[in-house]
Amino acid sequence: MARHPKQKGICRLCGKEEELTFEHIPPRSSFNKHTKFVSIDFMEYVQSDDIINNPPRGKIKQGGIGYNTLCSKCNSFLGSNYVNAYKIWSQAGAQILSKDDFGFVIFTMIEQEPLKVLKEIISMFIAINGDWYLKAYPELADFVNNPELKKLPDKFRVFMYLTNEGGTRYMHHSVYYKPELGGAVNCTEIAYPPFGYVLTIDFLKNINVLTNITHFKEFDLEEKTNIKLPMFKLPVYSPFPLDYRSKVKMTYDTQNSLKLKKELENQRK
């Protein structure tokens with residue numbers, strides 16, 4: 001039996017009902033070929049009192065992280081048009097992370113294809129979200145499906161960061177309340193070393209610790225260039241979007257939360 005058997009459903013990219021193939025996210029060639037990971041239901045995280053010291057067990061899986069969300073035609077389309085550019089991009093990120101430890105860096109990535117990289121990143125967000133996403137935001141699929149298309153509405157912004165501490169994060173579309181960002185943020189997030197990405201919708205501000213790469217849409221499809229970016233390296237210990245607390249900070253916050261919970265319970269007695 002195939003490790004990732006096909007499933008019948010709606011392709012997240014073309015919208016047709018087809019046999020859905022397994023789409024590696026990020027691509028297999030970007031360090032996601034033999035990944036061993038723990039699959040955990042999001043509600044298990046929500047219900048856990050201490051996800052650092054007593055994390056949900058989940059199920060161990062191998063063969064790379066991905067989803068049965070794209071038909072074979074769309075899967076092949078991404079592979080032919082964008083995956084190789086993303087492979088080169090991720091290899092450059094891995095080289096940066098291989099250097100001495102740092103929290104912030106300004107680096108130049110040589111001979112990159114920014115538009116192809118951005119289209120591949122957006123295709124990953126389309127793939128991890130439900131088929132409703134295609135109906136709600138058809139502009140995203142249009143941007144990916146048309147290689148030469150550089151038009152992406154301003155309500156969509158893509159941010160990124162470096163990461164190699166903690167784990168991975170695959171957070172589907174959610175509204176997350178962040179007081180320091182002025183309130184609710186409509187977003188979806190993917191973190192898999194060497195990079196993490198956040199796609200925001202109708203959020204027109206910048207996020208201090210993240211690097212805005214939405215301007216990649218302004219390049220031509222075959223244009224190769226050197227990209228100079230300032231970037232933070234951020235830890236990923238929780239499943240929640242825009243949460244980059246260190247392990248020490250998360251442990252501290254958890255202990256305080258449990259202490260407060262116990263005090264409230266004692267008051268009710």
# chains A, B, ... in the order shown; residues from 1 in each chain; ligands from 1
>>> residues_around(residues="Ala184 in chain A", least_positions_apart="3", cutoff="12 Å", atoms="only C-alpha atoms", output="JSON list (two decimals) with C-alpha atoms, in the first residue's frame")
[["chain", "number", "residue", "atom", "x", "y", "z"],
["A", 174, "SER", "CA", -7.59, 31.96, 12.27],
["A", 175, "VAL", "CA", -8.27, 35.27, 13.96],
["A", 176, "TYR", "CA", -5.70, 35.75, 16.68],
["A", 177, "TYR", "CA", -5.90, 38.54, 19.24],
["A", 178, "LYS", "CA", -2.61, 40.41, 19.68],
["A", 179, "PRO", "CA", -2.94, 43.61, 21.76],
["A", 180, "GLU", "CA", 0.57, 44.74, 20.79],
["A", 181, "LEU", "CA", -0.51, 44.66, 17.13],
["A", 187, "CYS", "CA", -3.81, 35.12, 9.51],
["A", 200, "THR", "CA", -2.23, 38.10, 6.83],
["A", 201, "ILE", "CA", -5.52, 39.31, 5.36],
["A", 202, "ASP", "CA", -6.86, 42.84, 5.81],
["A", 203, "PHE", "CA", -3.99, 43.65, 8.16],
["A", 205, "LYS", "CA", 0.49, 47.06, 9.56],
["A", 241, "PRO", "CA", 0.17, 31.81, 15.26],
["A", 242, "LEU", "CA", 2.39, 34.81, 16.02]]
>>> residues_around(residues="range 86-90 of chain A", least_positions_apart="3", cutoff="7 Å", atoms="only C-alpha atoms", output="compact mmCIF listing (two decimals) with C-alpha atoms, in the first residue's frame")
# COMPACT_ATOMS: atom_id res chain seq x y z
CA SER A 29 13.35 18.81 -1.91
CA SER A 30 13.35 21.45 0.85
CA TYR A 82 8.02 26.97 -8.54
CA VAL A 83 9.50 24.13 -6.50
CA GLY A 93 18.21 29.81 4.51
CA ALA A 94 19.76 26.61 5.85
CA GLN A 112 17.04 34.03 -6.20
CA VAL A 117 9.30 31.76 -4.26
CA GLU A 120 5.18 28.62 -3.87
CA PRO A 194 14.75 27.14 7.93
>>> atom_distance(atom1="CA of Lys119 in chain A", atom2="CA of Phe195 in chain A")
15.3 Å
>>> closest_residue(among="A:Asn212, A:Asn68, A:Gln7, A:Thr225", to="Tyr197 in chain A", atoms="only C-alpha atoms")
A:Asn212
>>> residues_around(residues="Met231 in chain A", least_positions_apart="5", cutoff="7 Å", atoms="only C-alpha atoms", output="list in words")
Phe104, Val105, Ile106, Tyr161, Leu162, Leu210 and Thr211 of chain A
>>> atom_distance(atom1="CA of Thr254 in chain A", atom2="CA of Gly103 in chain A")
23.8 Å
>>> atom_distance(atom1="CA of Ile207 in chain A", atom2="CA of Arg157 in chain A")
10.7 Å
>>> closest_residue(among="A:Cys14, A:Ala191, A:Lys262, A:Glu113", to="Phe143 in chain A", atoms="only C-alpha atoms")
A:Cys14
>>> select_by_dssp(residues="range 13-217 of chain A", states="alpha helix (DSSP H)", output="ChimeraX atom specification")
/A:42-47,72-81,83-97,114-128,132-136,138-145
